[in-house]
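File shown here: protein19.cif, holding mmCIF, N, CA and C atoms and all ligand atoms.
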data_target
loop_
_atom_site.label_atom_id
_atom_site.label_comp_id
_atom_site.auth_asym_id
_atom_site.auth_seq_id
_atom_site.Cartn_x
_atom_site.Cartn_y
_atom_site.Cartn_z
N MET A 181 12.97 21.59 -15.32
CA MET A 181 12.78 22.78 -14.48
C MET A 181 12.73 22.37 -13.02
N SER A 182 13.41 23.13 -12.19
CA SER A 182 13.44 22.80 -10.76
C SER A 182 12.05 23.00 -10.15
N GLU A 183 11.70 22.10 -9.29
CA GLU A 183 10.37 22.07 -8.68
C GLU A 183 10.53 21.81 -7.18
N LYS A 184 9.54 22.22 -6.40
CA LYS A 184 9.58 22.02 -4.94
C LYS A 184 8.46 21.09 -4.50
N THR A 185 8.73 20.30 -3.47
CA THR A 185 7.68 19.49 -2.88
C THR A 185 7.84 19.46 -1.37
N LEU A 186 6.73 19.18 -0.67
CA LEU A 186 6.82 18.98 0.77
C LEU A 186 7.00 17.48 1.03
N ALA A 187 7.99 17.15 1.86
CA ALA A 187 8.18 15.77 2.30
C ALA A 187 8.04 15.75 3.82
N ILE A 188 7.39 14.70 4.32
CA ILE A 188 7.28 14.53 5.78
C ILE A 188 7.78 13.13 6.14
N ILE A 189 8.64 13.07 7.15
CA ILE A 189 8.98 11.80 7.79
C ILE A 189 8.00 11.68 8.95
N LYS A 190 7.10 10.69 8.85
CA LYS A 190 5.97 10.57 9.77
C LYS A 190 6.41 9.98 11.13
N PRO A 191 5.51 10.07 12.15
CA PRO A 191 5.88 9.63 13.52
C PRO A 191 6.40 8.19 13.60
N ASP A 192 5.85 7.28 12.78
CA ASP A 192 6.29 5.88 12.86
C ASP A 192 7.76 5.75 12.45
N ALA A 193 8.16 6.47 11.41
CA ALA A 193 9.55 6.39 10.92
C ALA A 193 10.51 7.09 11.89
N VAL A 194 10.06 8.20 12.50
CA VAL A 194 10.90 8.87 13.50
C VAL A 194 11.12 7.93 14.69
N LYS A 195 10.02 7.26 15.14
CA LYS A 195 10.13 6.32 16.27
C LYS A 195 11.06 5.16 15.95
N LYS A 196 11.04 4.70 14.70
CA LYS A 196 11.90 3.58 14.28
C LYS A 196 13.37 3.97 14.21
N GLY A 197 13.64 5.28 14.21
CA GLY A 197 15.04 5.73 14.14
C GLY A 197 15.61 5.69 12.74
N VAL A 198 14.78 6.01 11.73
CA VAL A 198 15.28 5.97 10.35
C VAL A 198 15.29 7.36 9.68
N ILE A 199 15.31 8.42 10.48
CA ILE A 199 15.43 9.78 9.90
C ILE A 199 16.68 9.83 9.03
N GLY A 200 17.79 9.37 9.58
CA GLY A 200 19.08 9.45 8.88
C GLY A 200 19.05 8.66 7.58
N LYS A 201 18.50 7.46 7.61
CA LYS A 201 18.44 6.63 6.40
C LYS A 201 17.60 7.32 5.31
N ILE A 202 16.49 7.93 5.73
CA ILE A 202 15.61 8.58 4.75
C ILE A 202 16.29 9.82 4.17
N ILE A 203 16.93 10.60 5.02
CA ILE A 203 17.63 11.81 4.52
C ILE A 203 18.79 11.41 3.60
N SER A 204 19.46 10.34 3.94
CA SER A 204 20.54 9.85 3.10
C SER A 204 20.02 9.50 1.69
N ARG A 205 18.87 8.84 1.66
CA ARG A 205 18.26 8.49 0.37
C ARG A 205 17.88 9.76 -0.41
N ILE A 206 17.34 10.74 0.31
CA ILE A 206 16.96 12.01 -0.32
C ILE A 206 18.19 12.65 -0.99
N GLU A 207 19.31 12.62 -0.31
CA GLU A 207 20.53 13.20 -0.88
C GLU A 207 21.05 12.36 -2.04
N ASP A 208 20.99 11.03 -1.91
CA ASP A 208 21.41 10.16 -3.02
C ASP A 208 20.59 10.43 -4.28
N GLU A 209 19.32 10.80 -4.08
CA GLU A 209 18.44 11.06 -5.22
C GLU A 209 18.57 12.48 -5.76
N LYS A 210 19.58 13.19 -5.27
CA LYS A 210 19.92 14.53 -5.79
C LYS A 210 18.88 15.61 -5.51
N PHE A 211 18.10 15.41 -4.44
CA PHE A 211 17.24 16.51 -3.98
C PHE A 211 18.11 17.48 -3.19
N LYS A 212 17.76 18.76 -3.26
CA LYS A 212 18.32 19.74 -2.32
C LYS A 212 17.29 19.93 -1.22
N ILE A 213 17.74 19.84 0.04
CA ILE A 213 16.85 20.13 1.17
C ILE A 213 17.01 21.61 1.46
N THR A 214 15.97 22.40 1.14
CA THR A 214 16.12 23.86 1.26
C THR A 214 15.38 24.42 2.48
N ALA A 215 14.68 23.56 3.20
CA ALA A 215 14.11 23.94 4.50
C ALA A 215 13.84 22.63 5.23
N MET A 216 14.04 22.64 6.55
CA MET A 216 13.81 21.41 7.32
C MET A 216 13.60 21.74 8.78
N ARG A 217 12.62 21.09 9.42
CA ARG A 217 12.50 21.23 10.87
C ARG A 217 11.77 20.03 11.48
N LEU A 218 12.10 19.79 12.73
CA LEU A 218 11.40 18.78 13.51
C LEU A 218 10.17 19.48 14.11
N ALA A 219 9.02 18.80 14.11
CA ALA A 219 7.81 19.41 14.66
C ALA A 219 7.00 18.35 15.39
N LYS A 220 6.16 18.80 16.29
CA LYS A 220 5.18 17.90 16.92
C LYS A 220 3.85 18.60 16.69
N LEU A 221 3.04 18.05 15.79
CA LEU A 221 1.78 18.70 15.43
C LEU A 221 0.74 18.54 16.54
N THR A 222 -0.06 19.57 16.72
CA THR A 222 -1.26 19.41 17.55
C THR A 222 -2.28 18.68 16.68
N LYS A 223 -3.30 18.16 17.33
CA LYS A 223 -4.39 17.50 16.58
C LYS A 223 -5.00 18.48 15.58
N ASP A 224 -5.18 19.74 15.99
CA ASP A 224 -5.77 20.74 15.09
C ASP A 224 -4.87 21.04 13.89
N GLU A 225 -3.55 21.10 14.12
CA GLU A 225 -2.63 21.32 12.99
C GLU A 225 -2.70 20.15 12.00
N ALA A 226 -2.77 18.92 12.54
CA ALA A 226 -2.88 17.74 11.67
C ALA A 226 -4.20 17.76 10.90
N LYS A 227 -5.28 18.15 11.58
CA LYS A 227 -6.59 18.23 10.90
C LYS A 227 -6.57 19.28 9.81
N GLY A 228 -5.92 20.41 10.06
CA GLY A 228 -5.83 21.47 9.04
C GLY A 228 -5.02 21.01 7.84
N PHE A 229 -3.94 20.31 8.11
CA PHE A 229 -3.08 19.84 7.01
C PHE A 229 -3.82 18.85 6.11
N TYR A 230 -4.58 17.96 6.73
CA TYR A 230 -5.28 16.91 5.96
C TYR A 230 -6.75 17.25 5.72
N ILE A 231 -7.06 18.56 5.69
CA ILE A 231 -8.46 19.00 5.57
C ILE A 231 -9.16 18.41 4.33
N VAL A 232 -8.40 18.15 3.24
CA VAL A 232 -9.04 17.58 2.03
C VAL A 232 -9.62 16.18 2.29
N HIS A 233 -9.17 15.55 3.36
CA HIS A 233 -9.66 14.20 3.67
C HIS A 233 -10.72 14.22 4.77
N ASN A 234 -11.26 15.40 5.10
CA ASN A 234 -12.12 15.49 6.29
C ASN A 234 -13.44 14.71 6.19
N ASP A 235 -13.76 14.27 4.97
CA ASP A 235 -14.98 13.46 4.82
C ASP A 235 -14.67 11.96 4.76
N LYS A 236 -13.40 11.61 4.91
CA LYS A 236 -13.01 10.19 4.77
C LYS A 236 -13.08 9.47 6.13
N PRO A 237 -13.35 8.18 6.10
CA PRO A 237 -13.43 7.44 7.38
C PRO A 237 -12.10 7.40 8.14
N PHE A 238 -10.97 7.59 7.40
CA PHE A 238 -9.66 7.51 8.08
C PHE A 238 -9.16 8.85 8.60
N TYR A 239 -9.99 9.91 8.47
CA TYR A 239 -9.54 11.26 8.88
C TYR A 239 -9.18 11.31 10.38
N GLY A 240 -10.01 10.73 11.22
CA GLY A 240 -9.75 10.74 12.67
C GLY A 240 -8.47 10.00 13.02
N PRO A 241 -8.38 8.70 12.65
CA PRO A 241 -7.15 7.95 12.95
C PRO A 241 -5.90 8.57 12.33
N LEU A 242 -6.03 9.09 11.11
CA LEU A 242 -4.88 9.70 10.43
C LEU A 242 -4.36 10.91 11.21
N THR A 243 -5.28 11.77 11.65
CA THR A 243 -4.84 12.99 12.34
C THR A 243 -4.40 12.68 13.78
N ASP A 244 -4.96 11.61 14.38
CA ASP A 244 -4.43 11.15 15.69
C ASP A 244 -2.97 10.70 15.52
N PHE A 245 -2.76 9.87 14.50
CA PHE A 245 -1.42 9.35 14.24
C PHE A 245 -0.43 10.48 13.93
N MET A 246 -0.82 11.41 13.08
CA MET A 246 0.13 12.47 12.68
C MET A 246 0.45 13.44 13.80
N SER A 247 -0.39 13.44 14.86
CA SER A 247 -0.09 14.29 16.02
C SER A 247 0.41 13.47 17.20
N SER A 248 0.77 12.20 16.94
CA SER A 248 1.15 11.30 18.04
C SER A 248 2.62 11.40 18.45
N GLY A 249 3.44 12.05 17.65
CA GLY A 249 4.87 12.13 17.98
C GLY A 249 5.58 13.04 17.00
N PRO A 250 6.88 13.24 17.21
CA PRO A 250 7.62 14.15 16.35
C PRO A 250 7.64 13.68 14.88
N ILE A 251 7.68 14.66 13.99
CA ILE A 251 7.80 14.42 12.55
C ILE A 251 8.91 15.33 12.01
N VAL A 252 9.39 15.03 10.82
CA VAL A 252 10.37 15.90 10.16
C VAL A 252 9.72 16.46 8.90
N LEU A 253 9.72 17.80 8.82
CA LEU A 253 9.15 18.51 7.67
C LEU A 253 10.29 19.00 6.80
N MET A 254 10.19 18.77 5.49
CA MET A 254 11.27 19.21 4.58
C MET A 254 10.71 19.80 3.29
N ARG A 255 11.39 20.84 2.82
CA ARG A 255 11.14 21.32 1.45
C ARG A 255 12.24 20.75 0.57
N LEU A 256 11.86 19.94 -0.40
CA LEU A 256 12.82 19.30 -1.31
C LEU A 256 12.74 19.94 -2.68
N GLU A 257 13.91 20.14 -3.28
CA GLU A 257 13.95 20.75 -4.61
C GLU A 257 14.82 19.93 -5.55
N ARG A 258 14.33 19.73 -6.76
CA ARG A 258 15.10 19.15 -7.87
C ARG A 258 14.18 19.17 -9.09
N GLU A 259 14.71 18.73 -10.22
CA GLU A 259 13.87 18.61 -11.40
C GLU A 259 12.81 17.54 -11.11
N ASP A 260 11.57 17.84 -11.47
CA ASP A 260 10.50 16.84 -11.33
C ASP A 260 10.36 16.34 -9.88
N ALA A 261 10.53 17.24 -8.93
CA ALA A 261 10.58 16.85 -7.51
C ALA A 261 9.33 16.11 -7.03
N ILE A 262 8.16 16.57 -7.45
CA ILE A 262 6.92 15.98 -6.94
C ILE A 262 6.80 14.52 -7.35
N ALA A 263 6.93 14.26 -8.65
CA ALA A 263 6.81 12.89 -9.15
C ALA A 263 7.97 12.03 -8.66
N HIS A 264 9.17 12.61 -8.59
CA HIS A 264 10.31 11.80 -8.19
C HIS A 264 10.20 11.38 -6.72
N TRP A 265 9.79 12.31 -5.87
CA TRP A 265 9.63 11.96 -4.45
C TRP A 265 8.54 10.89 -4.28
N ARG A 266 7.47 11.00 -5.05
CA ARG A 266 6.40 9.99 -4.95
C ARG A 266 6.89 8.61 -5.40
N LYS A 267 7.77 8.61 -6.40
CA LYS A 267 8.34 7.35 -6.87
C LYS A 267 9.24 6.72 -5.79
N ILE A 268 10.04 7.54 -5.14
CA ILE A 268 10.94 7.05 -4.10
C ILE A 268 10.15 6.53 -2.88
N MET A 269 9.03 7.20 -2.57
CA MET A 269 8.18 6.75 -1.44
C MET A 269 7.50 5.43 -1.76
N GLY A 270 7.01 5.27 -2.99
CA GLY A 270 6.23 4.08 -3.36
C GLY A 270 4.76 4.28 -3.05
N ALA A 271 3.96 3.24 -3.31
CA ALA A 271 2.50 3.32 -3.14
C ALA A 271 2.13 3.63 -1.69
N THR A 272 0.95 4.27 -1.53
CA THR A 272 0.46 4.66 -0.19
C THR A 272 0.46 3.47 0.78
N ASP A 273 0.02 2.32 0.28
CA ASP A 273 -0.01 1.10 1.10
C ASP A 273 1.35 0.39 0.99
N PRO A 274 2.11 0.34 2.07
CA PRO A 274 3.46 -0.27 2.01
C PRO A 274 3.46 -1.68 1.41
N ALA A 275 2.37 -2.44 1.62
CA ALA A 275 2.31 -3.80 1.08
C ALA A 275 2.28 -3.80 -0.44
N LYS A 276 1.81 -2.68 -1.02
CA LYS A 276 1.72 -2.59 -2.49
C LYS A 276 2.88 -1.80 -3.09
N ALA A 277 3.72 -1.24 -2.24
CA ALA A 277 4.84 -0.42 -2.72
C ALA A 277 5.96 -1.31 -3.27
N GLU A 278 6.64 -0.81 -4.29
CA GLU A 278 7.75 -1.55 -4.92
C GLU A 278 8.87 -1.81 -3.90
N PRO A 279 9.56 -2.95 -4.01
CA PRO A 279 10.73 -3.20 -3.17
C PRO A 279 11.73 -2.03 -3.31
N GLY A 280 12.33 -1.65 -2.20
CA GLY A 280 13.33 -0.59 -2.24
C GLY A 280 12.76 0.80 -2.03
N THR A 281 11.42 0.94 -2.11
CA THR A 281 10.83 2.26 -1.84
C THR A 281 10.76 2.49 -0.33
N LEU A 282 10.68 3.77 0.04
CA LEU A 282 10.72 4.11 1.47
C LEU A 282 9.54 3.52 2.25
N ARG A 283 8.37 3.52 1.64
CA ARG A 283 7.21 2.97 2.37
C ARG A 283 7.32 1.45 2.51
N ARG A 284 7.86 0.80 1.49
CA ARG A 284 8.05 -0.65 1.58
C ARG A 284 9.11 -0.97 2.64
N LEU A 285 10.17 -0.17 2.67
CA LEU A 285 11.26 -0.41 3.61
C LEU A 285 10.86 -0.09 5.05
N TYR A 286 10.15 1.03 5.24
CA TYR A 286 9.98 1.55 6.61
C TYR A 286 8.52 1.65 7.07
N GLY A 287 7.55 1.52 6.16
CA GLY A 287 6.15 1.61 6.55
C GLY A 287 5.64 0.26 7.03
N SER A 288 4.54 0.28 7.78
CA SER A 288 3.99 -1.00 8.23
C SER A 288 2.51 -1.17 7.90
N SER A 289 1.82 -0.09 7.53
CA SER A 289 0.40 -0.18 7.15
C SER A 289 0.05 1.08 6.37
N ILE A 290 -1.18 1.11 5.81
CA ILE A 290 -1.56 2.28 5.03
C ILE A 290 -1.57 3.55 5.89
N GLU A 291 -1.84 3.41 7.17
CA GLU A 291 -1.81 4.58 8.05
C GLU A 291 -0.39 4.88 8.55
N ASN A 292 0.33 3.85 8.89
CA ASN A 292 1.72 4.02 9.37
C ASN A 292 2.64 3.79 8.18
N ASN A 293 2.65 4.77 7.26
CA ASN A 293 3.35 4.54 5.99
C ASN A 293 4.62 5.41 5.83
N ALA A 294 5.18 5.82 6.95
CA ALA A 294 6.55 6.36 7.02
C ALA A 294 6.77 7.76 6.44
N THR A 295 6.17 8.04 5.28
CA THR A 295 6.46 9.32 4.63
C THR A 295 5.22 9.89 3.95
N HIS A 296 5.28 11.18 3.70
CA HIS A 296 4.25 11.88 2.93
C HIS A 296 4.92 12.72 1.86
N GLY A 297 4.23 12.91 0.74
CA GLY A 297 4.69 13.83 -0.30
C GLY A 297 3.51 14.48 -0.97
N SER A 298 3.71 15.70 -1.44
CA SER A 298 2.65 16.42 -2.15
C SER A 298 2.33 15.69 -3.46
N ASP A 299 1.08 15.83 -3.93
CA ASP A 299 0.70 15.08 -5.13
C ASP A 299 0.58 15.89 -6.40
N ALA A 300 0.72 17.22 -6.33
CA ALA A 300 0.59 18.07 -7.53
C ALA A 300 1.18 19.44 -7.20
N PRO A 301 1.50 20.24 -8.24
CA PRO A 301 2.10 21.56 -7.98
C PRO A 301 1.25 22.45 -7.07
N GLU A 302 -0.07 22.45 -7.24
CA GLU A 302 -0.93 23.32 -6.42
C GLU A 302 -0.91 22.84 -4.97
N THR A 303 -0.97 21.53 -4.75
CA THR A 303 -0.96 21.04 -3.37
C THR A 303 0.42 21.24 -2.75
N ALA A 304 1.47 21.12 -3.55
CA ALA A 304 2.83 21.36 -3.03
C ALA A 304 2.93 22.80 -2.53
N ALA A 305 2.44 23.75 -3.31
CA ALA A 305 2.51 25.17 -2.91
C ALA A 305 1.71 25.38 -1.62
N TRP A 306 0.53 24.79 -1.56
CA TRP A 306 -0.34 24.94 -0.38
C TRP A 306 0.31 24.27 0.84
N GLU A 307 0.81 23.06 0.68
CA GLU A 307 1.40 22.31 1.80
C GLU A 307 2.68 22.98 2.31
N LEU A 308 3.50 23.49 1.39
CA LEU A 308 4.74 24.17 1.81
C LEU A 308 4.40 25.44 2.58
N ALA A 309 3.39 26.18 2.11
CA ALA A 309 3.00 27.41 2.80
C ALA A 309 2.41 27.09 4.18
N TYR A 310 1.78 25.92 4.31
CA TYR A 310 1.18 25.53 5.60
C TYR A 310 2.24 25.37 6.68
N PHE A 311 3.39 24.82 6.30
CA PHE A 311 4.43 24.55 7.31
C PHE A 311 5.61 25.51 7.29
N PHE A 312 5.87 26.12 6.14
CA PHE A 312 7.02 27.04 6.05
C PHE A 312 6.52 28.43 5.67
N LYS A 313 6.25 29.19 6.69
CA LYS A 313 5.71 30.55 6.45
C LYS A 313 6.80 31.40 5.82
N GLY A 314 6.42 32.09 4.78
CA GLY A 314 7.37 33.01 4.11
C GLY A 314 8.23 32.28 3.19
P1 LIG A 401 -0.52 10.50 2.85
O1 LIG A 401 0.25 10.48 1.59
O2 LIG A 401 0.09 11.18 4.01
O3 LIG A 401 -1.96 11.16 2.57
C1 LIG A 401 -3.14 10.79 3.28
C2 LIG A 401 -2.91 9.65 4.20
O4 LIG A 401 -4.06 9.01 4.67
C3 LIG A 401 -2.14 8.58 3.47
O5 LIG A 401 -0.82 9.00 3.27
C4 LIG A 401 -2.33 7.38 4.39
O6 LIG A 401 -1.30 7.29 5.36
C5 LIG A 401 -3.63 7.71 5.11
N1 LIG A 401 -4.66 6.73 4.89
C6 LIG A 401 -5.21 5.97 5.83
N2 LIG A 401 -6.14 5.15 5.32
C7 LIG A 401 -6.17 5.38 4.00
C8 LIG A 401 -6.92 4.84 2.91
N3 LIG A 401 -7.83 3.89 3.08
N4 LIG A 401 -6.67 5.33 1.68
C9 LIG A 401 -5.75 6.31 1.48
N5 LIG A 401 -5.02 6.86 2.48
C10 LIG A 401 -5.21 6.40 3.72
#

Could you show the structure in this file as structure tokens?
Amino acid sequence: MSEKTLAIIKPDAVKKGVIGKIISRIEDEKFKITAMRLAKLTKDEAKGFYIVHNDKPFYGPLTDFMSSGPIVLMRLEREDAIAHWRKIMGATDPAKAEPGTLRRLYGSSIENNATHGSDAPETAAWELAYFFKG
């Protein structure tokens, strides 16, 4: 069954100039990109997006980083989109991510980890609604 997920190309990957490489991989993996935009989040928008982490020690640095430069927001669709996108990204910590995954290829630390993806159907619906109104 076709499923939707939110994918983000984070500020570190945009700065590195790998938007094209990441989108190319997304297409190779047979996702349909059904919405996409470049954005520059305010600190408050980043805090709202990551509100589930507001009690974590990394909440401040994470939301500073996510509002530090342009990002690419995408709605991806395919069968098993949530799990498949997470597999392509690899583990949260690039050092622990499998060779060939996006975080291993383009991330440099657990905070500067190149990409984001929703982790479950409910969070995907919430995250997509946060950035793509309507
Ligand atoms: P992301 O998938 O965008 O979701 C939350 C982010 O918090 C995560 O990727 C990491 O980039 C970031 N983060 C920073 N420190 C940690 C940590 N210790 N554990 C988990 N996530 C962290």

Original post:
Any idea what the distance is between atom N of Ser182 of chain A and atom N of Asp260 of chain A?
Top reply: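 Computing the Euclidean distance for atom N of Ser182 of chain A and atom N of Asp260 of chain A yields 5.6 Å.
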
Residues of chain A that have any atom at most 8 Å from an atom of ligand LIG 401 (chain A): could you tabulate them with the shortest-distance atom pair and the distance in Å to one decimal, using only N, CA and C atoms and all ligand atoms, ordered by chain and increasing number, as CSV?
residue,atom,partner,partner_atom,distance
A:Tyr230,CA,A:LIG401,C1,7.0
A:His233,CA,A:LIG401,C1,7.4
A:Pro237,C,A:LIG401,N2,7.0
A:Phe238,CA,A:LIG401,N2,5.1
A:Tyr239,N,A:LIG401,C6,6.7
A:Pro241,C,A:LIG401,C6,7.0
A:Leu242,CA,A:LIG401,C5,5.8
A:Thr243,N,A:LIG401,O4,7.6
A:Ala271,C,A:LIG401,O1,7.8
A:Thr272,CA,A:LIG401,O5,5.7
A:Asp273,N,A:LIG401,C4,6.9
A:Ser289,C,A:LIG401,O6,6.4
A:Ile290,C,A:LIG401,O6,3.8
A:Glu291,CA,A:LIG401,O6,3.9
A:Asn292,N,A:LIG401,O6,5.2
A:Asn293,N,A:LIG401,O6,5.1
A:Ala294,N,A:LIG401,O6,6.8
A:Thr295,C,A:LIG401,O2,5.3
A:His296,CA,A:LIG401,O2,4.4
A:Gly297,N,A:LIG401,O1,4.7
A:Ser298,N,A:LIG401,O1,7.0
A:Asp299,N,A:LIG401,O1,7.7

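Checking A:Arg284, A:Asp208, A:Pro250, A:Ile213 one by one against Lys195 of chain A, counting all atoms listed in the file, you find the shortest gap at A:Pro250.
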
Original post:
Expressed in Å to a single decimal, how great is the separation between atom C of Ile251 of chain A and atom C of Met181 of chain A?
Top reply: 26.3 Å

Subject >> For atom N of Lys201 of chain A and atom N of Glu307 of chain A, the interatomic separation in Å (one decimal) >> reply: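 Atom-to-atom, atom N of Lys201 of chain A to atom N of Glu307 of chain A, that is 24.6 Å.
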
**OP:** Would you please give, as a PyMOL selection string, all residues of segment 197-281 of chain A that DSSP assigns to strand (DSSP E or B) based on the backbone?
**Re:** chain A and resi 212-219+251-259

Residues of segment 194-237 of chain A that have any atom at most 8 Å from an atom of segment 254-259 of chain A: could you tabulate them with the shortest-distance atom pair and the distance in Å to one decimal, using only C-alpha atoms, ordered by chain and increasing number, as CSV?
residue,atom,partner,partner_atom,distance
A:Lys210,CA,A:Arg258,CA,7.0
A:Phe211,CA,A:Arg258,CA,5.2
A:Lys212,CA,A:Glu257,CA,5.0
A:Ile213,CA,A:Leu256,CA,4.8
A:Thr214,CA,A:Arg255,CA,5.6
A:Ala215,CA,A:Arg255,CA,5.0
A:Met216,CA,A:Met254,CA,4.3
A:Arg217,CA,A:Met254,CA,6.7

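Proximity ranking of A:Trp265, A:Phe229, A:Phe245, A:Trp306 relative to Arg283 of chain A places A:Trp265 first, based on only C-alpha atoms.
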
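Distances here use all atoms listed in the file; by that measure, the residue among A:Ile231, A:Gly287, A:Leu218, A:Ala305 closest to Leu186 of chain A is A:Ala305.
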
**OP:** Name the residues, using the chain letters and numbers of the file, that sit within 6.5 Å of (-3.0, 27.0, 7.1) when counting all atoms listed in the file, and give them as a count of residues only.
**Re:** 3

**OP:** Please report, as a count of residues only, each residue of segment 212-312 of chain A to which DSSP assigns helix (DSSP H, G or I) when run on this structure's backbone.
**Re:** 46

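Between Ile199 of chain A and the candidates A:Leu221, A:Val232, A:Leu282, A:Ala261, the tightest atom-to-atom separation, counting only C-alpha atoms, involves A:Leu282.
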